[in-house]
Each structure stands twice: as C-alpha cells, then as structure tokens.
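Here's the structure, in structure tokens; my notes come after.
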There are 2 protein chains.
Amino acid sequence: MAVTLREVAARAGVSRSAVSRTFTDGASVSEKTRKKVEKAAKELGYRPSLIARSLATNRTKLIGLIANNFQNPAFLEIFDLFTSELQRRGFRPLLVNLTNESDPEKSLVLLRQYNVDGVILATSTLPPSFASAFRQADIPIVHTFGKSDASTDVHVVGIDNLRCGEMAAQTLADRGYRSVAVLGGPKTATSTQDRLAGFSQRASELGLKIADIRFAANYTYAAGREAMSGLLTENRVEAVFCGDDLICIGAMDSARGDGLSIPADIGFLGFNDITIASWAAYDLTTIRQPIRDIILSSVELVVAIVDDPGRSAEVRLFPCSIVERSTLRPSRRE
Amino acid sequence: MAVTLREVAARAGVSRSAVSRTFTDGASVSEKTRKKVEKAAKELGYRPSLIARSLATNRTKLIGLIANNFQNPAFLEIFDLFTSELQRRGFRPLLVNLTNESDPEKSLVLLRQYNVDGVILATSTLPPSFASAFRQADIPIVHTFGKSDASTDVHVVGIDNLRCGEMAAQTLADRGYRSVAVLGGPKTATSTQDRLAGFSQRASELGLKIADIRFAANYTYAAGREAMSGLLTENRVEAVFCGDDLICIGAMDSARGDGLSIPADIGFLGFNDITIASWAAYDLTTIRQPIRDIILSSVELVVAIVDDPGRSAEVRLFPCSIVERSTLRPSRRE
DNA sequence: ACTCATATTGCAATCGGTTGCAGTTGTGAA
DNA sequence: TTCACAACTGCAACCGATTGCAATATGAGT
C-alpha cells in the first residue's frame with residue numbers, strides 16, 4: 001500500500017492536519033513544521049492520494065473530454081492540444097469515446113459518477129441540447145465546435161460557421177467559378193448546416209450557382225469519395241466546396257480517378273487545414289480553422305467556470321482564414 | 001449536491017449497508033430489500049460515487065493510457081480501440097500525453113496519485129526500463145508495441161519486429177531489388193532497432209545490398225520527407241523500406257518531388273497499413289500490423305493482471321502480413 | 001514583564017462509500 | 001413444535017484525505 005498522511009505525521013511528529021496543510025497551498029503552516037513534514041514525506045516517498053482528496057474537497061481535477069470522431073486526423077491534433085494543455089494546468093482528461101455509442105446520454109451518468117470538475121464536448125455533430133443536459137446537471141461544460149443556442153445557454157468555443165460559408169462562396173466567386181457544388185459533412189451537424197446557409201446566402205448574392213448539394217455520411221475519406229462519385233455521375237460542376245479536408249481529399253481522389261485534373265478540370269476548396277492538406281499529393285486550398293486557439297481557449301474557459309459556475313454563458317468565436325494552395329484556379333484579381 | 005447512500009437508505013427504510021450491497025454485485029441482499037432500495041434510488045436519481053467507492057475499495061476502474069505519439073494518424077485508431085474497449089469493460093482511460101514531456105517519469109507519480117488500477121504504455125520509443133518502473137511501483141502494466149526484456153519482466157503485447165524486418169527484406173528480394181535503403185523511425189525506438197536487425201540479417205543472407213540507412217526524427221510526414229531528401233541526394237537506390245507508413249508517404253512525396261515515379265524509378269515498402277496507405281494518391285504496399293488484435297489483447301491483459309497481479313510476465317506477439325498495393329514492382333514469381 | 005493580536009496547531013467531524021462481524025430472521029427437516 | 005443452518009441485516013470501523021473551530025504559541029508594542 002501507498003504511504004499515507006498518518007505515517008508521515010507520525011514520522012514528522014506532527015498532526016495529520018499539519019501534513020495535509022503543508023501539501024495544500026495557501027494553508028497556514030510554519031516554516032519549521034513544513035520542513036519537518038517535507039523531510040518525512042520525502043523519506044517515505046509520500047504523495048497525497050488524489051482520490052481521498054477528491055472525496056474531501058469535492059474536486060477531482062478531472063475534466064471529461066467527449067469526442068465522437070476518431071476517424072479524422074484533425075482530432076489527433078485536437079487530442080494532443082487538449083491533453084497537454086489540461087495537463088499543464090494540473091487537470092487530467094477523462095476521455096469518453098462516443099464514436100460507436102448508441103446512447104450518448106450514458107456519458108453524462110458516467111462523468112457524473114466520476115465527479116469530473118468539468119466537461120469539454122468536442123463535436124459539432126451533437127445538438128446543443130446534449131450539452132445543456134450537463135449544464136442542467138450542474139456540471140460545468142463548454143461545447144467546443146458547438147453552436148450557441150439562446151435557449152440552452154451553454155458556453156461555446158468555435159468559429160462562426162455562417163461567416164465561413166460566406167467566405168467560401170466569396171472565394172469561389174472571386175476565382176471566376178460560376179457553377180459549383182457543396183459537399184458537406186454530416187447533414188445533421190450544426191456546423192454543416194450553418195456553413196451551407198452562409199454559403200447559399202452569399203452565393204445567391206454573387207450569382208454563383210449551386211448545382212448540387214451532397215452530404216458525406218461522416219468525416220472520412222471513404223465518405224467523401226463516395227459522395228463525390230455520386231455527384232460526378234449526375235452533375236458537371238466547376239468546383240466543389242467541401243465541409244472538411246478529409247472529405248475533400250476523398251472527393252479529389254474520386255475526381256482524379258475519373259480522369260479529371262485539379263484545378264484545370266475541377267476545383268476544390270477544403271475546410272480545416274489539417275496537416276494532410278499541405279501534403280504534396282493534395283496541396284489543398286482550404287479554409288483554416290484556428291484549432292490551437294480554439295482548444296486553448298476551451299480549456300481556459302472550462303477551468304475558469306469550474307471556479308465560477310455561476311458565470312453566464314459565453315460564446316467565443318475565432319476567425320477563419322483562407323489558405324491558398326493549388327486546388328483552385330487563381331483569383332481573377334491577380 | 002448529488003444524492004448519497006444515506007438519503008436512499010432513509011427513504012427506503014433500510015441501513016446504508018443494505019443500499020451499498022444492492023449496488024455491488026455478488027453481495028447478499030434479499031429480493032425484497034433490493035426492490036425497496038432500487039425504487040428509492042430511482043426516485044432520487046441516485047448513482048454511487050465512484051470516488052468514494054474507490055477510496056473504500058482501493059480500486060478505481062481507471063486505466064492509465066500513456067502515449068507519446070500524437071502526430072501519427074495510426075494513433076487515432078489506437079485511441080479509438082483503446083477507449084472503446086476499456087469503456088466496454090467498465091473501465092475508463094486516463095490519458096497521459098508524453099509527446100512534449102521532457103520528464104516521462106512524472107507520469108508514474110501522477111498515475112499513482114490517481115491510484116489507477118493499471119497502465120497501458122502504448123509506445124515503442126520508451127525503453128523497457130520505463131515500463132518496469134511501474135511494475136516496481138506495483139502497478140500493473142502492459143507495454144503495448146514494446147519489447148520484452150528478460151531482466152525487467154514486463155507484460156508485452158505487439159509484434160515480432162525482428163521477423164517483420166526479415167519479411168521486409170524477403171519481400172524486396174522477391175521483387176528483384178538488389179540495392180535498397182532503410183528509412184527507419186526514430187533511431188532509439190526498440191521497434192526500429194529490431195526491424196533493422198531483422199532486415200539486415202535477412203538482406204545479407206539474400207545478397208540484398210543496403211546502400212543507405214537513415215532514421216526519421218519522429219513518426220511524421222515531415223520527418224520522412226526530410227530524411228528521404230537527404231537520402232536521394234547522396235545515394236541512388238532501387239527501393240526503400242520505411243519504418244512507418246507516414247514516414248513512407250513523406251518519403252514518396254519527396255521522391256516524386258524529384259521527378260521520380262513510383263514504382264518505375266523507385267519502390268517503397270511501408271509499415272503499419274494505416275488508412276491513408278490505401279488512399280489512391282499513395283496506394284502503398286506495406287506490412288500490416290494487426291492493430292486491432294494488439295489493442296484488444298492489451299486491454300484484456302491489463303484487466304486480467306489487475307485481478308491477478310502476481311501473474312508472471314507474458315509476451316503476446318501477433319503476426320504481420322504484407323499488403324500488396326502498387327508501390328513495389330511485381331514479384332518475379334508472378 | 002505584560003497584553004493582545006496574529007499565526008500555528010491539533011481535535012474531531014466529514015466526504016460517500018465498503019465490509020467484517022455479530023445478531024436476527026426465515027427455512028426445512030426431524 | 002423445535003432445532004440447526006443459511007440467508008439476511010445493521011453496526012461501526014475504515015479508506016485517506018480536508019477543514020472549522022478552539023486551544024496554544026509567537027511576537028510586537030509598551
């Protein structure tokens with residue numbers, strides 16, 4: 001068994017409280033006893049049990065991290081940032097994988113049982129109501145990549161998908177495209193819907209024709225490829241705006257498989273700017289989502305609301321930017 | 001605050017023990033009280049606190065998952081499998097990201113403080129001694145993708161890297177290659193060393209010349225690309241055996257950037273068979289590591305040794321197989 | 001040296017469960 | 001009806017910490 005408070009206290013010749021206090025900062029202990037305790041603790045190899053501490057303080061330093069997209073490489077970076085940033089702040093991520101989970105609500109029960117201090121919901125494919133269930137259970141939550149919803153009042157960190165959709169339409173129009181297709185992510189994702197709305201809106205303002213609209217079943221290469229091949233057999237378009245780089249890459253391979261060359265025969269505009277987008281084989285022009293800012297901000301926010309749960313819901317939106325590479329023809333202005 | 005045992009007991013008109021027992025299986029409770037308790041619990045929305053339970057039972061149902069490779073998409077699949085399999089068995093993963101961590105030993109302290117039931121160390125770039133530190137701290141560990149080491153006596157699940165190296169050499173020789181290069185993963189990784197050893201051994205038996213040996217700094221596209229460009233400027237080889245698909249893809253793009261065509265001018269043999277390897281732009285011939293079997297087996301093993309810590313160290317090695325695609329010229333036998 | 005405010009200390013209750021033990025209840029066999 | 005035995009129940013101690021409170025020690029000011 002591990003060394004406990006009691007043993008350290010005995011060896012240092014002080015009370016258990018004294019030991020406890022030297023290990024919680026801000027507590028009142030004299031320099032003298034602190035030294036004694038630290039010496040004894042070191043000799044014994046003592047580390048406070050976080051479990052016991054959690055029980056006593058009702059704080060676990062655990063943050064639930066819910067994700068349902070373990071196919072998209074974008075999430076690798078996301079996990080990396082989340083875990084290292086949480087770690088840096090002295091929290092641990094308790095990962096919940098909802099990818100193959102039929103009943104997402106179970107995660108609430110689970111995270112509640114572990115008494116996590118807060119939850120980060122990193123997905124755009126679960127509805128705001130899911131996030132708000134946490135809030136109703138009084139567990140601090142931030143919905144990263146989520147959509148703010150006036151009625152649910154949940155903290156959201158992400159991008160302005162509407163504006164990004166507009167940006168995409170503008171970009172395509174600027175390059176002189178007249179007839180394009182949209183190949184979105186999963187139809188029910190709020191991000192998909194908002195981007196499409198923004199895109200349609202601006203497209204109609206600009207006289208850009210949307211010849212076809214498709215949705216990939218999920219954020220995978222295969223789904224992108226599949227959706228694109230359907231699109232190609234039924235419609236001829238000059239360019240396609242994809243809801244995700246991975247989907248876009250699948251779509252590009254599908255087009256190339258049909259003998260089309262990019263961007264001469266068909267243009268592609270991606271979304272996210274994942275690492276792969278910069279690979280030579282694809283060199284994808286895409287709309288960049290500032291993942292790093294979003295994640296760091298999410299972590300900062302969740303930690304902040306742990307300390308101040310009453311805080312009213314905040315929406316933090318970061319700006320996207322276009323990354324010019326070679327899958328669209330050059331702008332007419334150049 | 002959450003509902004506690006005490007309240008349920010009061011409402012059901014029984015003792016706290018009775019409530020506790022109806023929620024721990026195998027305990028002795030009459031059908032009658034069980035019903036009463038369940039009714040009360042449901043009405044109150046009671047869920048046992050896992051924190052409190054952990055303190056009392058000294059079991060947390062938490063499994064530490066240590067990884068240091070958040071760049072390689074292979075790990076996305078690995079995380080997916082790990083988390084969902086642990087979840088399925090009623091455990092939770094406590095993720096530790098060692099990617100940018102200078103002092104890996106800290107993870108031991110941390111996981112010990114959380115009193116995790118067991119640890120899965122999923123990396124081939126940390127030495128067996130690191131794994132054995134956990135064993136010495138009496139915390140059950142399995143080293144996935146690790147190397148067994150007689151002196152440290154740690155459970156290992158993975159592949160026989162030596163044999164895989166041999167397989168690679170054999171494959172290249174079979175295709176009639178005479179002079180090849182090896183572009184390994186990080187030099188200090190045990191997997192890299194073993195594959196190289198197996199490769200060299202078999203190569204010399206087969207009269208296959210190893211014209212150059214390089215190591216990518218890490219498992220990334222950029223590192224592969226970088227290492228390959230160095231190789232190309234100094235040596236002319238017919239094919240290269242890469243220590244990882246991602247590295248290989250970087251290398252391929254580097255070669256293509258130099259105007260080489262694959263497999264006409266140069267052949268590539270990858271390792272792992274990640275999803276991307278099957279993408280049309282690469283269509284990589286590679287040696288497949290049965291990731292799924294490895295992960296499921298690791299989880300099964302760690303859970304088993306949680307219940308029986310005395311169990312002596314086991315090494316589970318799964319067979320690899322070659323996946324034929326189009327980056328090597330066809331076998332002479334065909 | 002004496003007071004009094006302030007800093008430290010230890011006691012004991014508490015967090016929310018589990019579990020060994022002894023006492024109680026219920027059952028079937030005699 | 002009685003007895004032995006098994007099944008069930010509740011008591012109370014415990015898991016390893018934190019923390020309010022009262023008691024004690026310290027130190028500054030006079």
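Note on naming: chains are A, B, ... as they come in the structure tokens, residues start from 1 per chain, ligands start from 1 in the order shown.
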So which bits of segment 34-81 of chain A end up strand (DSSP E) when you DSSP the backbone, as an MDAnalysis selection string? chainID A and resid 62:67
Using only C-alpha atoms (C1' of nucleotides), what table do you get, as a Markdown table, when you list each residue of segment 47-115 of chain B with an atom no more than 7 Å from segment 10-30 of chain C, its nearest pair of atoms, and their distance in Å rounded to one decimal, rows by chain then rising number?
```
| residue | atom | partner | partner_atom | distance |
| --- | --- | --- | --- | --- |
| B:Ser49 | CA | C:DG16 | C1' | 6.7 |
| B:Ala52 | CA | C:DG17 | C1' | 4.8 |
| B:Arg53 | CA | C:DG17 | C1' | 5.0 |
| B:Ala56 | CA | C:DT18 | C1' | 5.6 |
| B:Thr57 | CA | C:DT18 | C1' | 6.6 |
```
Keeping only N, CA and C atoms, write the selected residues to a file as a compact mmCIF listing (two decimals), in the first residue's frame.
```
# COMPACT_ATOMS: atom_id res chain seq x y z
N SER B 49 -21.17 7.09 -5.91
CA SER B 49 -19.99 7.90 -6.24
C SER B 49 -18.79 6.99 -6.43
N ALA B 52 -15.86 7.82 -3.96
CA ALA B 52 -15.98 7.24 -2.62
C ALA B 52 -15.74 5.74 -2.67
N ARG B 53 -16.30 5.12 -3.65
CA ARG B 53 -16.10 3.68 -3.79
C ARG B 53 -14.63 3.34 -3.95
N ALA B 56 -12.80 3.45 -0.71
CA ALA B 56 -13.08 2.32 0.16
C ALA B 56 -12.52 1.00 -0.37
N THR B 57 -12.60 0.81 -1.67
CA THR B 57 -12.19 -0.49 -2.21
C THR B 57 -10.76 -0.52 -2.70
```
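Using only C-alpha atoms (C1' of nucleotides), the residues found no farther than 8 Å from segment 203-209 of chain A, other than those of its own chain fewer than 2 positions away, are A:Glu166, A:Ala169, A:Gln170, A:Ala173, A:Tyr177, A:Arg178, A:Ser179, A:Val180, A:Phe199, A:Ser200, A:Gln201, A:Ala211.
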File of the preceding selection, all heavy atoms, as a short mmCIF file (atom, residue, chain, number, x, y, z; two decimals), in the first residue's frame:
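Wrote part.cif, looks like this:
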```
data_model
loop_
_atom_site.label_atom_id
_atom_site.label_comp_id
_atom_site.auth_asym_id
_atom_site.auth_seq_id
_atom_site.Cartn_x
_atom_site.Cartn_y
_atom_site.Cartn_z
N GLU A 166 -19.89 31.93 -46.00
CA GLU A 166 -19.87 33.10 -46.89
C GLU A 166 -18.50 33.28 -47.52
O GLU A 166 -18.35 33.54 -48.71
CB GLU A 166 -20.22 34.36 -46.10
CG GLU A 166 -21.65 34.39 -45.58
CD GLU A 166 -21.91 35.57 -44.65
OE1 GLU A 166 -20.98 36.37 -44.42
OE2 GLU A 166 -23.03 35.68 -44.16
N ALA A 169 -18.01 30.97 -50.40
CA ALA A 169 -18.71 31.40 -51.62
C ALA A 169 -17.96 32.55 -52.27
O ALA A 169 -17.74 32.58 -53.49
CB ALA A 169 -20.15 31.82 -51.28
N GLN A 170 -17.55 33.49 -51.44
CA GLN A 170 -16.81 34.64 -51.95
C GLN A 170 -15.54 34.19 -52.67
O GLN A 170 -15.22 34.66 -53.76
CB GLN A 170 -16.45 35.55 -50.77
CG GLN A 170 -15.81 36.86 -51.19
CD GLN A 170 -16.82 37.77 -51.87
OE1 GLN A 170 -17.87 38.08 -51.32
NE2 GLN A 170 -16.52 38.17 -53.10
N ALA A 173 -16.35 32.61 -56.01
CA ALA A 173 -16.78 33.62 -56.97
C ALA A 173 -15.59 34.45 -57.45
O ALA A 173 -15.44 34.73 -58.65
CB ALA A 173 -17.84 34.52 -56.36
N TYR A 177 -15.48 31.15 -60.67
CA TYR A 177 -16.35 29.98 -60.81
C TYR A 177 -17.80 30.46 -60.90
O TYR A 177 -18.19 31.43 -60.26
CB TYR A 177 -16.17 29.04 -59.62
CG TYR A 177 -14.81 28.35 -59.60
CD1 TYR A 177 -13.83 28.73 -58.68
CD2 TYR A 177 -14.53 27.32 -60.50
CE1 TYR A 177 -12.60 28.11 -58.66
CE2 TYR A 177 -13.29 26.69 -60.48
CZ TYR A 177 -12.33 27.08 -59.55
OH TYR A 177 -11.11 26.46 -59.55
N ARG A 178 -18.59 29.76 -61.71
CA ARG A 178 -19.98 30.15 -61.90
C ARG A 178 -20.97 29.10 -61.41
O ARG A 178 -22.10 29.40 -61.08
CB ARG A 178 -20.28 30.41 -63.40
CG ARG A 178 -19.30 31.32 -64.13
CD ARG A 178 -19.31 32.74 -63.58
NE ARG A 178 -20.65 33.28 -63.55
CZ ARG A 178 -21.02 34.35 -62.84
NH1 ARG A 178 -20.12 34.98 -62.09
NH2 ARG A 178 -22.27 34.79 -62.86
N SER A 179 -20.51 27.87 -61.42
CA SER A 179 -21.42 26.79 -61.04
C SER A 179 -20.65 25.78 -60.18
O SER A 179 -19.69 25.18 -60.63
CB SER A 179 -21.96 26.10 -62.29
OG SER A 179 -22.65 24.93 -61.94
N VAL A 180 -21.09 25.63 -58.95
CA VAL A 180 -20.31 24.79 -58.02
C VAL A 180 -21.23 23.85 -57.26
O VAL A 180 -22.45 23.96 -57.30
CB VAL A 180 -19.56 25.68 -57.01
CG1 VAL A 180 -18.62 26.64 -57.72
CG2 VAL A 180 -20.55 26.45 -56.14
N PHE A 199 -23.06 29.91 -47.09
CA PHE A 199 -22.60 29.74 -48.47
C PHE A 199 -23.73 30.07 -49.44
O PHE A 199 -23.55 30.85 -50.39
CB PHE A 199 -22.14 28.29 -48.68
CG PHE A 199 -21.46 28.06 -49.99
CD1 PHE A 199 -20.09 28.23 -50.11
CD2 PHE A 199 -22.19 27.67 -51.12
CE1 PHE A 199 -19.45 28.01 -51.33
CE2 PHE A 199 -21.56 27.45 -52.34
CZ PHE A 199 -20.18 27.62 -52.44
N SER A 200 -24.89 29.51 -49.20
CA SER A 200 -26.04 29.71 -50.10
C SER A 200 -26.39 31.19 -50.20
O SER A 200 -26.60 31.73 -51.29
CB SER A 200 -27.26 28.96 -49.60
OG SER A 200 -26.95 27.61 -49.40
N GLN A 201 -26.44 31.79 -49.05
CA GLN A 201 -26.78 33.19 -48.96
C GLN A 201 -25.86 34.04 -49.83
O GLN A 201 -26.29 34.77 -50.72
CB GLN A 201 -26.66 33.59 -47.47
CG GLN A 201 -26.52 35.04 -47.18
CD GLN A 201 -27.85 35.75 -47.36
OE1 GLN A 201 -28.91 35.12 -47.28
NE2 GLN A 201 -27.79 37.05 -47.63
N ALA A 211 -25.02 23.98 -58.09
CA ALA A 211 -25.59 22.97 -58.98
C ALA A 211 -25.97 21.68 -58.24
O ALA A 211 -26.80 20.91 -58.71
CB ALA A 211 -24.60 22.65 -60.09
#
```
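Within 7 Å of chain A, and using only C-alpha atoms (C1' of nucleotides), the residues found on chain D are DG16, DA17 and DT18 of chain D.
Within 6 Å of chain B, and using only C-alpha atoms, the residues found on chain A are Ser49, Leu50, Phe70, Pro73, Leu76, Asp80, Leu94, Gln113 and Tyr114 of chain A.
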Just-selected residues, C-alpha atoms written as a PDB file, in the first residue's frame:
```pdb
ATOM      1  CA  SER A  49      -3.930  10.441  -2.668  1.00  0.00           C
ATOM      2  CA  LEU A  50      -5.946  12.388  -5.161  1.00  0.00           C
ATOM      3  CA  PHE A  70     -11.985   9.084 -34.005  1.00  0.00           C
ATOM      4  CA  PRO A  73      -6.806  13.048 -38.203  1.00  0.00           C
ATOM      5  CA  LEU A  76      -5.298  13.803 -33.244  1.00  0.00           C
ATOM      6  CA  ASP A  80      -2.808  16.471 -28.361  1.00  0.00           C
ATOM      7  CA  LEU A  94     -11.083  11.573 -18.772  1.00  0.00           C
ATOM      8  CA  GLN A 113     -20.207   9.301 -11.229  1.00  0.00           C
ATOM      9  CA  TYR A 114     -16.568  10.171 -11.565  1.00  0.00           C
TER      10      TYR A 114
END
```
Can you list every residue in segment 72-319 of chain B that DSSP puts in helix (DSSP H, G or I), as a ChimeraX atom specification? /B:74-88,105-113,128-136,161-174,190-206,221-234,245-257,275-278,291-307
Any chance you can output those residues with C-alpha atoms as an mmCIF file, in the first residue's frame?
```cif
data_model
loop_
_atom_site.group_PDB
_atom_site.id
_atom_site.type_symbol
_atom_site.label_atom_id
_atom_site.label_comp_id
_atom_site.auth_asym_id
_atom_site.auth_seq_id
_atom_site.Cartn_x
_atom_site.Cartn_y
_atom_site.Cartn_z
ATOM 1 C CA ALA B 74 -2.233 5.428 -36.615
ATOM 2 C CA PHE B 75 -2.758 6.577 -33.072
ATOM 3 C CA LEU B 76 -6.208 7.801 -33.764
ATOM 4 C CA GLU B 77 -7.291 4.275 -34.477
ATOM 5 C CA ILE B 78 -5.345 3.135 -31.477
ATOM 6 C CA PHE B 79 -7.086 5.593 -29.196
ATOM 7 C CA ASP B 80 -10.419 4.680 -30.637
ATOM 8 C CA LEU B 81 -9.879 0.998 -29.963
ATOM 9 C CA PHE B 82 -8.393 1.514 -26.536
ATOM 10 C CA THR B 83 -11.046 3.820 -25.277
ATOM 11 C CA SER B 84 -13.987 1.928 -26.626
ATOM 12 C CA GLU B 85 -12.681 -1.413 -25.446
ATOM 13 C CA LEU B 86 -11.899 -0.107 -21.975
ATOM 14 C CA GLN B 87 -15.295 1.517 -21.879
ATOM 15 C CA ARG B 88 -16.932 -1.731 -22.898
ATOM 16 C CA GLU B 105 8.839 9.695 -15.016
ATOM 17 C CA LYS B 106 6.362 12.274 -13.856
ATOM 18 C CA SER B 107 3.614 10.203 -15.364
ATOM 19 C CA LEU B 108 4.331 7.475 -12.864
ATOM 20 C CA VAL B 109 3.837 9.787 -9.941
ATOM 21 C CA LEU B 110 0.715 11.153 -11.479
ATOM 22 C CA LEU B 111 -0.919 7.871 -12.270
ATOM 23 C CA ARG B 112 -0.006 6.590 -8.872
ATOM 24 C CA GLN B 113 -1.681 9.546 -7.255
ATOM 25 C CA PRO B 128 11.616 -1.348 -21.235
ATOM 26 C CA SER B 129 13.080 0.189 -18.106
ATOM 27 C CA PHE B 130 10.403 2.830 -18.157
ATOM 28 C CA ALA B 131 7.723 0.178 -18.155
ATOM 29 C CA SER B 132 9.412 -1.750 -15.433
ATOM 30 C CA ALA B 133 9.361 1.285 -13.162
ATOM 31 C CA PHE B 134 5.622 0.813 -12.977
ATOM 32 C CA ARG B 135 5.973 -2.795 -12.168
ATOM 33 C CA GLN B 136 8.341 -1.939 -9.363
ATOM 34 C CA ASN B 161 9.797 -6.737 -35.108
ATOM 35 C CA LEU B 162 12.771 -8.878 -35.949
ATOM 36 C CA ARG B 163 10.659 -11.174 -38.049
ATOM 37 C CA CYS B 164 8.922 -8.252 -39.676
ATOM 38 C CA GLY B 165 12.271 -6.844 -40.682
ATOM 39 C CA GLU B 166 13.108 -10.178 -42.247
ATOM 40 C CA MET B 167 9.803 -10.212 -44.037
ATOM 41 C CA ALA B 168 10.567 -6.824 -45.499
ATOM 42 C CA ALA B 169 13.950 -7.931 -46.809
ATOM 43 C CA GLN B 170 12.431 -11.056 -48.247
ATOM 44 C CA THR B 171 9.711 -9.071 -49.964
ATOM 45 C CA LEU B 172 12.155 -6.697 -51.590
ATOM 46 C CA ALA B 173 14.444 -9.501 -52.704
ATOM 47 C CA ASP B 174 11.489 -11.362 -54.163
ATOM 48 C CA THR B 190 13.238 -0.598 -29.958
ATOM 49 C CA SER B 191 10.945 -1.350 -32.871
ATOM 50 C CA THR B 192 13.252 0.479 -35.255
ATOM 51 C CA GLN B 193 16.294 -1.334 -33.997
ATOM 52 C CA ASP B 194 14.720 -4.751 -34.144
ATOM 53 C CA ARG B 195 13.277 -4.304 -37.597
ATOM 54 C CA LEU B 196 16.584 -3.084 -38.835
ATOM 55 C CA ALA B 197 18.358 -6.038 -37.284
ATOM 56 C CA GLY B 198 15.965 -8.496 -38.891
ATOM 57 C CA PHE B 199 16.166 -6.699 -42.179
ATOM 58 C CA SER B 200 19.956 -6.595 -42.251
ATOM 59 C CA GLN B 201 20.251 -10.185 -41.271
ATOM 60 C CA ARG B 202 17.966 -11.469 -43.976
ATOM 61 C CA ALA B 203 19.294 -8.998 -46.529
ATOM 62 C CA SER B 204 22.781 -10.295 -46.134
ATOM 63 C CA GLU B 205 21.548 -13.857 -46.454
ATOM 64 C CA LEU B 206 19.795 -12.943 -49.676
ATOM 65 C CA TYR B 221 5.348 13.149 -42.787
ATOM 66 C CA ALA B 222 7.797 15.995 -42.483
ATOM 67 C CA ALA B 223 10.469 13.837 -40.901
ATOM 68 C CA GLY B 224 10.032 11.205 -43.594
ATOM 69 C CA ARG B 225 10.264 13.756 -46.312
ATOM 70 C CA GLU B 226 13.297 15.346 -44.807
ATOM 71 C CA ALA B 227 15.163 12.102 -44.313
ATOM 72 C CA MET B 228 14.342 10.999 -47.831
ATOM 73 C CA SER B 229 15.628 14.111 -49.456
ATOM 74 C CA GLY B 230 18.942 13.629 -47.718
ATOM 75 C CA LEU B 231 18.997 10.083 -48.922
ATOM 76 C CA LEU B 232 18.186 10.985 -52.511
ATOM 77 C CA THR B 233 20.967 13.475 -52.844
ATOM 78 C CA GLU B 234 23.569 11.033 -51.665
ATOM 79 C CA ASP B 245 3.643 4.451 -43.381
ATOM 80 C CA LEU B 246 3.531 8.103 -42.533
ATOM 81 C CA ILE B 247 7.264 8.409 -42.897
ATOM 82 C CA CYS B 248 6.986 6.469 -46.100
ATOM 83 C CA ILE B 249 4.396 8.800 -47.509
ATOM 84 C CA GLY B 250 6.617 11.758 -46.766
ATOM 85 C CA ALA B 251 9.436 9.942 -48.468
ATOM 86 C CA MET B 252 7.306 9.187 -51.501
ATOM 87 C CA ASP B 253 6.351 12.802 -51.889
ATOM 88 C CA SER B 254 9.982 13.741 -51.647
ATOM 89 C CA ALA B 255 10.900 11.283 -54.378
ATOM 90 C CA ARG B 256 8.048 12.433 -56.575
ATOM 91 C CA GLY B 257 9.150 15.983 -55.982
ATOM 92 C CA THR B 275 -5.849 4.015 -43.512
ATOM 93 C CA ILE B 276 -4.013 6.604 -45.540
ATOM 94 C CA ALA B 277 -1.840 3.922 -47.074
ATOM 95 C CA SER B 278 -4.821 2.786 -49.083
ATOM 96 C CA ILE B 291 -3.514 -3.120 -34.565
ATOM 97 C CA ARG B 292 -6.939 -4.230 -33.554
ATOM 98 C CA ASP B 293 -5.781 -7.585 -32.212
ATOM 99 C CA ILE B 294 -2.936 -5.921 -30.408
ATOM 100 C CA ILE B 295 -5.106 -3.365 -28.695
ATOM 101 C CA LEU B 296 -7.900 -5.708 -27.727
ATOM 102 C CA SER B 297 -5.383 -8.133 -26.385
ATOM 103 C CA SER B 298 -3.619 -5.407 -24.422
ATOM 104 C CA VAL B 299 -6.811 -4.334 -22.775
ATOM 105 C CA GLU B 300 -7.781 -7.874 -21.984
ATOM 106 C CA LEU B 301 -4.364 -8.444 -20.491
ATOM 107 C CA VAL B 302 -4.253 -5.348 -18.367
ATOM 108 C CA VAL B 303 -7.667 -6.077 -16.971
ATOM 109 C CA ALA B 304 -6.601 -9.626 -16.236
ATOM 110 C CA ILE B 305 -3.492 -8.623 -14.348
ATOM 111 C CA VAL B 306 -5.436 -6.116 -12.325
ATOM 112 C CA ASP B 307 -7.219 -9.101 -10.857
#
```
